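Asker: For reference, this is work.cif, and it has mmCIF, C-alpha atoms and all ligand atoms.
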data_my_file
loop_
_atom_site.label_atom_id
_atom_site.label_comp_id
_atom_site.auth_asym_id
_atom_site.auth_seq_id
_atom_site.Cartn_x
_atom_site.Cartn_y
_atom_site.Cartn_z
CA MET L 30 -27.40 9.86 44.50
CA GLN L 31 -28.91 12.14 41.93
CA ASN L 32 -26.90 13.78 39.18
CA ALA L 33 -27.37 15.43 35.82
CA LEU L 34 -27.62 12.10 33.98
CA THR L 35 -30.44 10.86 36.18
CA LYS L 36 -32.20 14.10 37.08
CA GLU L 37 -35.27 13.16 35.07
CA ILE L 38 -35.64 10.09 37.24
CA ASN L 39 -37.20 10.89 40.58
CA THR L 40 -36.37 7.90 42.60
CA THR L 41 -32.75 6.96 42.38
CA ASN L 42 -31.35 7.99 45.70
CA LEU L 43 -29.42 4.76 45.80
CA PRO L 44 -26.70 3.82 46.25
CA THR L 45 -25.63 5.39 49.53
CA LYS L 46 -22.31 7.21 49.71
CA GLU L 47 -20.67 3.85 50.42
CA GLY L 48 -22.20 2.37 47.30
CA ARG L 49 -24.84 0.30 49.11
CA PHE L 50 -28.20 -0.79 47.81
CA GLY L 51 -29.67 -2.11 51.06
CA GLU L 52 -27.23 -4.78 52.22
CA PHE L 53 -25.85 -5.22 48.69
CA GLY L 54 -23.06 -3.52 46.77
CA GLY L 55 -20.31 -1.70 48.65
CA SER L 56 -16.64 -2.29 48.05
CA TYR L 57 -14.60 -5.35 49.12
CA ILE L 58 -11.17 -4.72 47.66
CA PRO L 59 -7.53 -4.23 48.82
CA PRO L 60 -6.80 -0.77 50.34
CA GLN L 61 -4.57 0.16 47.41
CA LEU L 62 -7.40 -0.39 44.97
CA GLN L 63 -9.86 1.34 47.30
CA ALA L 64 -7.89 4.57 46.99
CA VAL L 65 -8.16 4.31 43.21
CA MET L 66 -11.91 3.64 43.34
CA ASP L 67 -12.41 6.63 45.65
CA GLU L 68 -10.62 8.76 43.10
CA ILE L 69 -12.88 7.51 40.29
CA THR L 70 -15.98 8.14 42.42
CA GLN L 71 -14.92 11.70 43.12
CA ALA L 72 -14.01 12.38 39.51
CA TYR L 73 -17.30 10.91 38.30
CA GLU L 74 -19.37 12.99 40.68
CA GLN L 75 -17.63 16.15 39.54
CA ILE L 76 -17.70 15.40 35.88
CA VAL L 77 -21.44 14.69 35.68
CA GLN L 78 -22.02 18.24 36.86
CA ASP L 79 -19.79 19.61 34.10
CA PRO L 80 -21.82 20.98 31.17
CA ALA L 81 -18.95 20.40 28.74
CA PHE L 82 -18.86 16.69 29.63
CA LEU L 83 -22.63 16.35 29.40
CA ASN L 84 -22.74 18.13 26.04
CA GLU L 85 -20.03 15.94 24.58
CA LEU L 86 -21.77 12.82 25.88
CA SER L 87 -25.15 13.73 24.43
CA ASP L 88 -23.55 14.81 21.16
CA LEU L 89 -21.88 11.39 20.80
CA GLN L 90 -25.08 9.61 21.82
CA LYS L 91 -26.91 11.37 19.04
CA HIS L 92 -24.41 11.52 16.18
CA TYR L 93 -22.20 8.50 16.85
CA VAL L 94 -24.37 5.90 18.60
CA GLY L 95 -27.53 6.95 16.75
CA ARG L 96 -29.72 7.78 19.76
CA PRO L 97 -32.55 7.94 20.46
CA SER L 98 -33.08 4.33 19.44
CA PRO L 99 -36.66 3.79 18.25
CA VAL L 100 -39.48 2.05 20.08
CA TYR L 101 -41.27 -0.32 17.71
CA HIS L 102 -44.71 -1.93 18.00
CA ALA L 103 -44.25 -5.60 17.06
CA LYS L 104 -47.80 -5.99 15.73
CA ARG L 105 -47.44 -9.25 13.87
CA LEU L 106 -45.77 -10.95 16.81
CA SER L 107 -48.37 -9.52 19.21
CA ASP L 108 -51.25 -10.71 17.01
CA ALA L 109 -49.76 -14.16 16.63
CA VAL L 110 -49.21 -14.53 20.37
CA GLY L 111 -52.77 -13.31 20.96
CA GLY L 112 -52.47 -11.21 24.09
CA ALA L 113 -50.84 -7.96 25.16
CA GLN L 114 -49.21 -5.64 22.64
CA ILE L 115 -45.44 -6.14 22.53
CA TYR L 116 -43.21 -3.09 21.96
CA LEU L 117 -39.43 -3.23 21.50
CA LYS L 118 -36.85 -0.65 22.58
CA ARG L 119 -34.39 -1.07 19.72
CA GLU L 120 -30.96 -1.02 21.35
CA ASP L 121 -29.97 -3.47 18.62
CA LEU L 122 -29.92 -0.50 16.23
CA ASN L 123 -27.12 1.30 18.10
CA HIS L 124 -23.69 1.54 16.51
CA THR L 125 -21.93 -1.80 17.29
CA GLY L 126 -25.35 -3.45 17.64
CA ALA L 127 -26.04 -3.47 21.38
CA HIS L 128 -26.54 -1.39 24.50
CA LYS L 129 -22.94 -1.80 25.75
CA ILE L 130 -21.74 1.17 23.70
CA ASN L 131 -23.84 3.44 25.97
CA HIS L 132 -21.67 2.90 29.03
CA CYS L 133 -18.42 2.41 27.11
CA ILE L 134 -18.73 5.90 25.59
CA GLY L 135 -19.35 7.29 29.08
CA GLU L 136 -16.44 5.42 30.64
CA VAL L 137 -13.95 6.34 27.93
CA LEU L 138 -15.06 9.97 27.97
CA LEU L 139 -14.46 9.97 31.73
CA ALA L 140 -11.03 8.40 31.16
CA LYS L 141 -10.13 11.11 28.67
CA LYS L 142 -11.25 13.92 30.97
CA LEU L 143 -9.15 12.35 33.75
CA GLY L 144 -6.12 12.48 31.50
CA LYS L 145 -5.73 8.68 31.29
CA LYS L 146 -3.79 7.29 28.34
CA LYS L 147 -5.20 3.80 28.35
CA VAL L 148 -8.44 1.97 29.13
CA ILE L 149 -8.35 -1.66 30.18
CA ALA L 150 -11.00 -4.33 30.68
CA GLU L 151 -11.70 -8.02 30.68
CA THR L 152 -13.94 -9.70 28.17
CA GLY L 153 -15.57 -13.13 27.94
CA ALA L 154 -17.24 -13.53 24.58
CA GLY L 155 -15.68 -10.29 23.40
CA GLN L 156 -18.78 -8.09 23.31
CA HIS L 157 -17.60 -5.72 26.02
CA GLY L 158 -14.08 -5.76 24.54
CA VAL L 159 -15.38 -4.71 21.13
CA ALA L 160 -17.59 -1.93 22.54
CA LEU L 161 -14.73 -0.56 24.64
CA ALA L 162 -12.21 -0.84 21.77
CA THR L 163 -14.70 1.12 19.63
CA ALA L 164 -15.02 3.93 22.16
CA ALA L 165 -11.24 3.99 22.69
CA ALA L 166 -10.61 4.26 18.94
CA LEU L 167 -13.13 7.09 18.76
CA MET L 168 -11.38 9.04 21.49
CA GLY L 169 -7.81 8.17 20.64
CA LEU L 170 -6.98 6.23 23.80
CA GLU L 171 -4.97 3.02 24.02
CA CYS L 172 -6.95 -0.08 24.94
CA ASP L 173 -5.86 -3.41 26.49
CA ILE L 174 -8.44 -6.18 26.62
CA TYR L 175 -7.69 -9.19 28.84
CA MET L 176 -9.17 -12.38 27.48
CA GLY L 177 -8.79 -16.05 28.42
CA ALA L 178 -6.91 -18.22 25.92
CA VAL L 179 -9.95 -20.51 25.63
CA ASP L 180 -12.22 -17.59 24.81
CA ILE L 181 -9.73 -16.17 22.30
CA LYS L 182 -9.97 -19.45 20.34
CA LYS L 183 -13.77 -19.56 20.57
CA GLU L 184 -14.48 -15.94 19.72
CA ALA L 185 -12.20 -15.33 16.74
CA PRO L 186 -14.38 -12.71 14.96
CA ASN L 187 -14.53 -10.48 18.04
CA VAL L 188 -10.77 -10.86 18.58
CA SER L 189 -10.28 -9.65 15.01
CA ARG L 190 -12.67 -6.75 15.54
CA MET L 191 -10.77 -5.59 18.62
CA LYS L 192 -7.45 -5.80 16.78
CA ILE L 193 -8.77 -3.93 13.75
CA LEU L 194 -10.02 -1.22 16.13
CA GLY L 195 -6.48 -0.90 17.46
CA ALA L 196 -6.86 -2.65 20.82
CA THR L 197 -4.28 -5.04 22.26
CA VAL L 198 -5.82 -8.40 23.19
CA VAL L 199 -3.86 -9.75 26.16
CA GLU L 200 -4.05 -13.55 26.33
CA VAL L 201 -4.65 -14.93 29.84
CA THR L 202 -3.31 -18.46 30.24
CA ARG L 203 -3.83 -19.13 33.95
CA GLY L 204 -6.59 -21.16 35.64
CA THR L 205 -9.49 -22.13 33.41
CA LYS L 206 -8.32 -19.53 30.84
CA THR L 207 -11.79 -17.95 30.74
CA LEU L 208 -13.65 -14.87 32.01
CA LYS L 209 -12.92 -15.12 35.74
CA ASP L 210 -9.16 -15.44 35.13
CA ALA L 211 -9.32 -12.53 32.70
CA VAL L 212 -10.94 -10.38 35.43
CA ASP L 213 -8.16 -11.29 37.88
CA ALA L 214 -5.42 -10.54 35.32
CA ALA L 215 -6.97 -7.21 34.35
CA PHE L 216 -7.32 -6.13 38.01
CA GLU L 217 -3.67 -7.04 38.67
CA ALA L 218 -2.54 -5.04 35.67
CA TYR L 219 -4.63 -2.14 36.87
CA LEU L 220 -3.08 -2.26 40.35
CA GLN L 221 0.38 -2.05 38.81
CA ASP L 222 -0.44 1.24 37.10
CA PRO L 223 -3.61 2.99 38.21
CA VAL L 224 -2.22 6.37 37.13
CA THR L 225 -2.02 6.19 33.34
CA GLN L 226 -4.71 3.49 32.96
CA ILE L 227 -8.31 3.14 34.04
CA TYR L 228 -10.39 -0.03 34.37
CA CYS L 229 -13.73 0.04 32.54
CA ILE L 230 -16.17 -2.55 33.90
CA GLY L 231 -18.67 -4.00 31.42
CA SER L 232 -21.86 -4.11 33.47
CA VAL L 233 -23.51 -2.84 36.68
CA VAL L 234 -21.13 -5.00 38.74
CA GLY L 235 -17.82 -4.60 40.60
CA PRO L 236 -16.99 -2.31 43.51
CA HIS L 237 -18.56 1.14 43.98
CA PRO L 238 -18.84 3.36 41.92
CA PHE L 239 -19.24 1.04 38.91
CA PRO L 240 -22.76 -0.31 39.59
CA MET L 241 -23.93 3.30 39.94
CA MET L 242 -21.87 4.77 37.12
CA VAL L 243 -22.70 2.12 34.51
CA ARG L 244 -26.39 2.34 35.48
CA ASP L 245 -26.35 6.12 35.09
CA PHE L 246 -24.76 5.86 31.64
CA GLN L 247 -27.40 3.28 30.64
CA SER L 248 -30.33 5.23 32.10
CA VAL L 249 -30.68 7.08 28.79
CA VAL L 250 -32.45 3.93 27.52
CA GLY L 251 -35.28 4.19 30.06
CA ILE L 252 -35.53 7.98 29.91
CA GLU L 253 -36.03 7.82 26.14
CA ALA L 254 -38.37 4.83 26.24
CA ARG L 255 -40.61 6.39 28.89
CA LYS L 256 -41.31 9.36 26.62
CA GLN L 257 -41.56 7.32 23.42
CA ILE L 258 -44.05 4.77 24.73
CA GLN L 259 -46.29 7.52 26.14
CA GLU L 260 -46.25 9.30 22.80
CA MET L 261 -47.16 6.09 21.00
CA THR L 262 -49.77 4.65 23.35
CA GLY L 263 -50.87 7.58 25.49
CA SER L 264 -49.80 5.95 28.73
CA LEU L 265 -47.08 4.09 30.57
CA PRO L 266 -46.60 0.41 29.73
CA ASP L 267 -48.17 -2.26 31.94
CA ALA L 268 -44.95 -4.27 32.02
CA ILE L 269 -41.29 -3.97 31.12
CA VAL L 270 -39.10 -6.97 30.37
CA ALA L 271 -35.29 -7.13 30.11
CA CYS L 272 -32.71 -9.92 30.21
CA VAL L 273 -30.28 -9.97 33.13
CA GLY L 274 -26.65 -11.05 32.92
CA GLY L 275 -24.71 -8.56 35.02
CA GLY L 276 -27.80 -6.41 34.64
CA SER L 277 -26.81 -3.23 32.79
CA ASN L 278 -29.43 -3.17 30.03
CA ALA L 279 -32.12 -4.06 32.57
CA MET L 280 -31.06 -1.28 34.98
CA GLY L 281 -30.90 1.09 32.02
CA ILE L 282 -34.55 0.62 31.19
CA PHE L 283 -35.90 -0.07 34.72
CA SER L 284 -34.37 3.06 36.28
CA ALA L 285 -36.80 5.47 34.68
CA PHE L 286 -39.84 3.44 35.85
CA LEU L 287 -38.95 2.48 39.43
CA ASP L 288 -41.32 5.10 40.83
CA ASP L 289 -44.20 4.07 38.57
CA LYS L 290 -45.65 1.50 40.93
CA LEU L 291 -48.24 0.34 38.38
CA VAL L 292 -45.57 -0.61 35.86
CA LYS L 293 -44.53 -4.21 36.52
CA LEU L 294 -40.83 -4.86 35.96
CA TYR L 295 -39.49 -8.27 34.95
CA GLY L 296 -35.83 -9.36 34.86
CA VAL L 297 -35.18 -12.55 32.90
CA GLU L 298 -32.25 -14.77 33.85
CA PRO L 299 -30.81 -17.60 31.74
CA ALA L 300 -32.17 -20.98 32.83
CA GLY L 301 -29.80 -22.70 30.36
CA ARG L 302 -30.53 -26.43 30.15
CA GLY L 303 -32.92 -26.13 33.10
CA LEU L 304 -32.93 -24.80 36.66
CA ASP L 305 -32.76 -28.35 38.01
CA THR L 306 -29.43 -28.94 36.19
CA PRO L 307 -26.10 -27.27 37.02
CA ASP L 308 -26.12 -25.73 33.52
CA HIS L 309 -27.73 -22.34 34.07
CA ALA L 310 -26.79 -18.86 35.29
CA ALA L 311 -29.98 -17.89 37.14
CA THR L 312 -28.22 -15.99 39.91
CA ILE L 313 -31.18 -14.34 41.61
CA THR L 314 -33.49 -17.31 41.18
CA LYS L 315 -31.02 -19.84 42.61
CA GLY L 316 -28.22 -17.90 44.34
CA SER L 317 -27.33 -16.86 47.89
CA VAL L 318 -25.64 -13.79 49.36
CA GLY L 319 -21.89 -13.64 48.83
CA ILE L 320 -18.97 -11.52 47.65
CA LEU L 321 -17.42 -11.65 44.18
CA HIS L 322 -15.23 -9.24 42.22
CA GLY L 323 -15.33 -6.64 45.01
CA PHE L 324 -19.08 -6.36 45.72
CA LYS L 325 -21.79 -8.06 47.76
CA SER L 326 -24.75 -9.52 45.90
CA LEU L 327 -26.60 -12.72 45.20
CA LEU L 328 -24.19 -15.27 43.83
CA LEU L 329 -24.10 -18.83 42.51
CA GLN L 330 -21.47 -20.28 44.86
CA ASP L 331 -20.32 -23.51 46.49
CA GLU L 332 -20.10 -24.11 50.28
CA LYS L 333 -16.72 -22.38 50.39
CA GLY L 334 -18.05 -19.23 48.75
CA GLU L 335 -16.27 -19.95 45.46
CA ALA L 336 -18.21 -18.89 42.37
CA LEU L 337 -19.70 -21.89 40.57
CA PRO L 338 -19.11 -22.53 36.89
CA VAL L 339 -22.18 -21.23 35.09
CA TYR L 340 -23.67 -21.75 31.65
CA SER L 341 -26.05 -20.14 29.18
CA ILE L 342 -26.53 -20.37 25.42
CA ALA L 343 -26.06 -16.58 25.52
CA SER L 344 -22.47 -15.90 26.49
CA GLY L 345 -23.36 -12.35 27.59
CA LEU L 346 -25.56 -13.81 30.32
CA ASP L 347 -23.30 -16.46 31.86
CA TYR L 348 -21.98 -14.66 34.92
CA PRO L 349 -22.24 -16.21 38.43
CA GLY L 350 -23.04 -12.86 40.06
CA VAL L 351 -25.49 -10.05 39.34
CA GLY L 352 -25.47 -6.28 39.84
CA PRO L 353 -26.16 -5.37 43.49
CA GLN L 354 -29.11 -3.13 42.66
CA HIS L 355 -30.89 -6.14 41.16
CA SER L 356 -30.38 -8.13 44.37
CA TYR L 357 -31.84 -5.16 46.22
CA LEU L 358 -34.81 -4.71 43.88
CA HIS L 359 -35.49 -8.43 44.26
CA SER L 360 -35.29 -8.19 48.07
CA ILE L 361 -37.89 -5.40 48.19
CA GLY L 362 -40.08 -7.07 45.57
CA ARG L 363 -40.00 -4.17 43.10
CA VAL L 364 -38.72 -6.30 40.23
CA ILE L 365 -39.90 -9.85 39.54
CA TYR L 366 -37.07 -12.13 38.42
CA ASP L 367 -37.91 -15.10 36.26
CA SER L 368 -35.97 -17.17 33.77
CA ALA L 369 -36.05 -18.57 30.24
CA THR L 370 -34.29 -21.72 29.02
CA ASP L 371 -31.92 -21.98 26.04
CA ARG L 372 -34.70 -23.59 24.06
CA GLU L 373 -37.25 -20.88 24.85
CA ALA L 374 -34.67 -18.26 23.87
CA VAL L 375 -34.02 -19.98 20.52
CA GLU L 376 -37.76 -20.18 19.83
CA ALA L 377 -38.10 -16.46 20.52
CA PHE L 378 -35.03 -15.85 18.32
CA TYR L 379 -36.75 -17.58 15.38
CA GLY L 380 -40.14 -16.14 16.29
CA LEU L 381 -39.05 -12.51 16.22
CA SER L 382 -36.97 -13.09 13.09
CA ARG L 383 -39.88 -14.65 11.17
CA MET L 384 -42.68 -12.44 12.46
CA GLU L 385 -40.95 -9.06 12.37
CA GLY L 386 -37.74 -9.38 10.35
CA ILE L 387 -35.65 -8.60 13.43
CA ILE L 388 -32.92 -11.07 14.40
CA PRO L 389 -32.34 -10.54 18.14
CA ALA L 390 -29.20 -11.38 20.13
CA LEU L 391 -29.58 -14.65 22.05
CA GLU L 392 -29.30 -12.58 25.25
CA SER L 393 -32.21 -10.36 24.22
CA SER L 394 -34.13 -13.45 23.04
CA HIS L 395 -34.53 -14.41 26.72
CA ALA L 396 -36.49 -11.19 27.28
CA VAL L 397 -38.57 -11.77 24.14
CA ALA L 398 -39.33 -15.34 25.29
CA HIS L 399 -40.60 -14.06 28.62
CA ALA L 400 -42.68 -11.35 26.94
CA ILE L 401 -44.33 -14.00 24.75
CA LYS L 402 -45.28 -16.00 27.86
CA LEU L 403 -46.47 -12.93 29.74
CA ALA L 404 -48.48 -11.51 26.82
CA GLN L 405 -50.64 -14.62 26.67
CA LYS L 406 -51.85 -13.96 30.22
CA MET L 407 -52.66 -10.30 29.49
CA SER L 408 -55.40 -8.58 27.49
CA LYS L 409 -55.08 -7.08 24.00
CA ASP L 410 -55.20 -3.51 25.25
CA GLU L 411 -52.28 -3.97 27.65
CA VAL L 412 -48.70 -3.11 26.71
CA ILE L 413 -45.38 -4.88 27.31
CA LEU L 414 -42.16 -3.01 26.56
CA VAL L 415 -39.14 -5.24 25.92
CA ASN L 416 -35.58 -3.95 26.00
CA LEU L 417 -34.10 -5.51 22.85
CA SER L 418 -30.51 -5.21 24.09
CA GLY L 419 -28.73 -6.30 20.92
CA ARG L 420 -28.85 -7.76 17.43
CA GLY L 421 -28.28 -11.41 16.66
CA ASP L 422 -25.74 -11.31 13.82
CA LYS L 423 -23.09 -12.68 16.18
CA ASP L 424 -25.29 -15.70 16.94
CA ILE L 425 -26.49 -16.84 13.53
CA ASP L 426 -23.80 -19.48 12.84
CA PHE L 427 -24.16 -21.00 16.29
CA VAL L 428 -27.94 -21.18 16.11
CA MET L 429 -27.94 -22.70 12.61
CA GLU L 430 -25.40 -25.33 13.67
CA HIS L 431 -26.98 -26.34 16.97
CA TYR L 432 -30.66 -25.50 16.52
CA PRO L 433 -31.21 -25.90 12.77
CA LEU L 434 -34.14 -24.20 11.20
CA VAL L 435 -35.49 -27.49 9.92
CA GLU L 436 -36.84 -28.37 13.39
CA TYR L 437 -39.10 -25.37 13.09
CA GLU L 438 -40.30 -25.99 9.55
CA PRO L 439 -44.04 -26.54 8.97
CA GLN L 440 -45.50 -30.02 9.24
CA GLU L 441 -46.86 -31.31 5.97
CA GLY L 442 -49.81 -29.17 4.91
CA GLY L 443 -49.54 -26.86 7.89
CA ASP L 444 -48.77 -23.20 8.08
CA GLY L 445 -45.28 -22.82 9.53
CA PHE L 446 -45.93 -20.07 11.90
CA GLU L 447 -49.18 -21.28 13.33
CA GLU L 448 -47.34 -24.47 14.17
CA PHE L 449 -44.45 -22.62 15.62
CA LEU L 450 -46.57 -20.53 17.92
CA ALA L 451 -48.72 -23.47 18.89
CA HIS L 452 -45.48 -25.10 19.94
CA ILE L 453 -44.53 -22.10 22.07
CA LYS L 454 -47.94 -22.04 23.65
CA GLN L 455 -47.94 -25.68 24.65
CA LYS L 456 -45.68 -24.84 27.57
C1 LIG C 1 -23.55 -8.27 27.29
C2 LIG C 1 -24.94 -8.34 26.81
C3 LIG C 1 -26.03 -8.55 27.69
C4 LIG C 1 -25.86 -8.82 29.15
O1 LIG C 1 -25.33 -7.78 29.89
P1 LIG C 1 -26.20 -6.93 30.94
O2 LIG C 1 -25.18 -6.19 31.71
O3 LIG C 1 -26.98 -7.91 31.78
O4 LIG C 1 -27.11 -6.07 30.17
C5 LIG C 1 -27.31 -8.53 27.17
N1 LIG C 1 -27.54 -8.35 25.85
C6 LIG C 1 -26.54 -8.15 24.98
C7 LIG C 1 -26.87 -7.95 23.54
C8 LIG C 1 -25.20 -8.14 25.43
O5 LIG C 1 -24.21 -7.95 24.54
#
Translate the structure of the given file into structure tokens.
Ligand SMILES: *Cc1c(COP(=O)(O)O)cnc(C)c1O
Answerer:
Amino acid sequence: MQNALTKEINTTNLPTKEGRFGEFGGSYIPPQLQAVMDEITQAYEQIVQDPAFLNELSDLQKHYVGRPSPVYHAKRLSDAVGGAQIYLKREDLNHTGAHKINHCIGEVLLAKKLGKKKVIAETGAGQHGVALATAAALMGLECDIYMGAVDIKKEAPNVSRMKILGATVVEVTRGTKTLKDAVDAAFEAYLQDPVTQIYCIGSVVGPHPFPMMVRDFQSVVGIEARKQIQEMTGSLPDAIVACVGGGSNAMGIFSAFLDDKLVKLYGVEPAGRGLDTPDHAATITKGSVGILHGFKSLLLQDEKGEALPVYSIASGLDYPGVGPQHSYLHSIGRVIYDSATDREAVEAFYGLSRMEGIIPALESSHAVAHAIKLAQKMSKDEVILVNLSGRGDKDIDFVMEHYPLVEYEPQEGGDGFEEFLAHIKQK
């Protein structure tokens, strides 16, 4: 379905009215919740035709988030890798340091226009909670963030951020006390009062209309990047690379290029400790069709259809499902899904930091790792555009503790970075 946010993109006639991308997507929720989702769908479709809404959104994108984010040619990294030219779409430079603010601003603006008093959401590592709390503070709405007790302990700085921003962090003590239980608790709270509150999902997942709506709010990334890269290089890129957790930053950049059949699109999933171990979250690579959190998609599940516990070094990527449009784009072969391990992500994290002075989020480092591999197989006049979804400040303590810099120091007499890249290239 086309609307004012996506009018510059020719292709996106999906999802269908029922929220389907091929066999994927849709809505598998109790009737009571379905009525609420139908209401949100209707309101969304109206509001994106409203010039006042669109003006306010683009004003906030420009003056609050800092859009357009730049595209940057990572020359030193490209030279060192010795293949295609690597360009970065700098979503790490947005206010709050990642792409999530793009859809949170949209969702909270929608909530305000609908006359809601409160936005609610779940959070795992706290990234979505912080972005939503930010947008809620900006627009003067109340904000409840449901978070597992285990995650609250682990993610203290983000819990503090949310509280400082005025959000209430609701501790969830059932089950494994992590993300999945937080989702259940938040949905229950929503069902109890869908009138004054609205649920704001953190990626292109969940029942219709969220995969569509979150994608549309993120599509600004691809629309900007398409113009910027053509201005800089005179043509479209040969390849685009983005990491895939739920899949919102990837859909944001892919959407504007889906019709450009010569532009190869790559989604990078977290291979964790390896695809042959249980410790990964490579949903498309290893999953099967199932239903989770109200939508049909590929899923990492056991024989009973229960979501498996998943793992990645990047907490923003460890989700057992994936946005339904990704499952669809995989099924038709438009996007190639591959994966990067924890170790490859950490190497890319150090590589980009040392070569360009840009510390990427561990999530985004998966995309950088894949671009480094891909670039080596391409020629010097080809171009890879990477969506750098966020900055790595949140990850520095963890990386230094578990993957200390000393492992990457030069051998005696050697040049540190030659060694480092030789190491990357051995694989
Ligand atoms: C949350 C997060 C992701 C993963 O979410 P998607 O919906 O897959 O984009 C990626 N990068 C960063 C920096 C994040 O915070």
Asker: Find the residues around range 129-133 of chain L up to 7 Å (all atoms listed in the file counted), leave out those fewer than 6 positions away in its own chain, and share them as a list of chain:residue names.
Answerer: L:His157, L:Ala160, L:Leu161, L:Ala164, L:Val243, L:Phe246, L:Gln247
Asker: Select the residues contacting ligand LIG 1 (chain C) at a distance of at most 6 Å, based on all atoms listed in the file, then format the selection as a ChimeraX atom specification.
Answerer: /L:127,156,232,273-279,345-346,390,392-393,418-419
Asker: So, counting only C-alpha atoms, which residue among L:Val318, L:Ile413, L:His128, L:Gly155 is closest to Ser264 in chain L?
Answerer: L:Ile413
Asker: Would you list the contacts of range 294-303 of chain L as a PyMOL selection string, taking every protein, DNA or RNA residue within 8 Å and counting all atoms listed in the file, but skipping same-chain residues closer than 3 positions in sequence?
Answerer: chain L and resi 268-274+279+283+306-314+340-343+346-347+363-372+395-396+399
Asker: Go through L:Thr207, L:Gly153, L:Asp289, L:Glu253 and flag the residue nearest Val188 in chain L, using all atoms listed in the file for the distances.
Answerer: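 Of the candidates, the smallest distance to Val188 in chain L is held by L:Gly153.
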Asker: Report as a ChimeraX atom specification all protein, DNA and RNA residues lying within 10 Å of range 41-47 of chain L, evaluated on only C-alpha atoms, omitting residues in the same chain fewer than 4 positions from it.
Answerer: /L:30-32,35-37,51,53-56,67,70,236-238,240-241,245,284-285,287-288,353-354
Asker: Calculate, to one decimal in Å, the centre and edge lengths of the box along x, y and z of the file that holds all listed atoms of range 222-236 of chain L with 4 Å of margin on each side, and present them as JSON.
Answerer:
{"center_x": -12.0, "center_y": 0.7, "center_z": 37.5, "size_x": 31.1, "size_y": 19.4, "size_z": 20.1}
Asker: Just give me the gap between CA of Lys118 in chain L and CA of Leu414 in chain L in Å, one decimal is fine.
Answerer: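 A separation of 7.0 Å between them.
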Asker: Which residues, written as a ChimeraX atom specification, have at least one atom at most 12 Å from Ala72 in chain L, with only C-alpha atoms counted and residues fewer than 3 positions away on the same chain left out?
Answerer: /L:65-69,75-79,82,136,138-144,238,242
Asker: Residues of the last selection are to be written out with C-alpha atoms, as an mmCIF file, keeping the file's coordinate frame.
Answerer:
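Generated output (selection-v5.cif):
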data_model
loop_
_atom_site.group_PDB
_atom_site.id
_atom_site.type_symbol
_atom_site.label_atom_id
_atom_site.label_comp_id
_atom_site.auth_asym_id
_atom_site.auth_seq_id
_atom_site.Cartn_x
_atom_site.Cartn_y
_atom_site.Cartn_z
ATOM 1 C CA VAL L 65 -8.160 4.310 43.210
ATOM 2 C CA MET L 66 -11.910 3.640 43.340
ATOM 3 C CA ASP L 67 -12.410 6.630 45.650
ATOM 4 C CA GLU L 68 -10.620 8.760 43.100
ATOM 5 C CA ILE L 69 -12.880 7.510 40.290
ATOM 6 C CA GLN L 75 -17.630 16.150 39.540
ATOM 7 C CA ILE L 76 -17.700 15.400 35.880
ATOM 8 C CA VAL L 77 -21.440 14.690 35.680
ATOM 9 C CA GLN L 78 -22.020 18.240 36.860
ATOM 10 C CA ASP L 79 -19.790 19.610 34.100
ATOM 11 C CA PHE L 82 -18.860 16.690 29.630
ATOM 12 C CA GLU L 136 -16.440 5.420 30.640
ATOM 13 C CA LEU L 138 -15.060 9.970 27.970
ATOM 14 C CA LEU L 139 -14.460 9.970 31.730
ATOM 15 C CA ALA L 140 -11.030 8.400 31.160
ATOM 16 C CA LYS L 141 -10.130 11.110 28.670
ATOM 17 C CA LYS L 142 -11.250 13.920 30.970
ATOM 18 C CA LEU L 143 -9.150 12.350 33.750
ATOM 19 C CA GLY L 144 -6.120 12.480 31.500
ATOM 20 C CA PRO L 238 -18.840 3.360 41.920
ATOM 21 C CA MET L 242 -21.870 4.770 37.120
#
Asker: Taking all atoms listed in the file into account, name the residue in L:Gly112, L:Pro60, L:Gly177, L:Pro186 that is nearest to Val201 in chain L.
Answerer: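 The answer is L:Gly177, which sits nearest to Val201 in chain L.
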Asker: For Val224 in chain L, which residue out of L:Met176, L:Ile258, L:Ala64, L:Ala185 is the nearest one, using all atoms listed in the file?
Answerer: L:Ala64
Asker: Find, counting only C-alpha atoms, the residue in L:Thr202, L:Asn123, L:Ser326, L:Gln114 that gets nearest to Lys406 in chain L.
Answerer: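 Nearest candidate to Lys406 in chain L out of L:Thr202, L:Asn123, L:Ser326, L:Gln114: L:Gln114.
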Asker: I'd like the interatomic distance between CA of Arg255 in chain L and CA of Glu385 in chain L, to a tenth of an Å.
Answerer: 22.6 Å
Asker: Any idea what the distance is between CA of Ser317 in chain L and CA of Lys209 in chain L?
Answerer: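 We find that CA of Ser317 in chain L and CA of Lys209 in chain L lie 18.9 Å from each other.
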Asker: Counting all atoms listed in the file, which of L:Ala162, L:Gln330, L:Ile227, L:Gly169 gets nearest to Lys315 in chain L?
Answerer: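 Among the listed residues, the smallest separation from Lys315 in chain L belongs to L:Gln330.
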Asker: At a cut-off of 9 Å, using all atoms listed in the file, what residues contact Leu62 in chain L? Leave out same-chain residues fewer than 5 positions from it and give the result as a PyMOL selection string.
Answerer: chain L and resi 67+219-220+223
Asker: Please return as a PyMOL selection string every residue within 10 Å of (-0.5, -3.9, 31.7), taking into account all atoms listed in the file and the file's own coordinates.
Answerer: chain L and resi 147+149+173-175+199+214-223+226
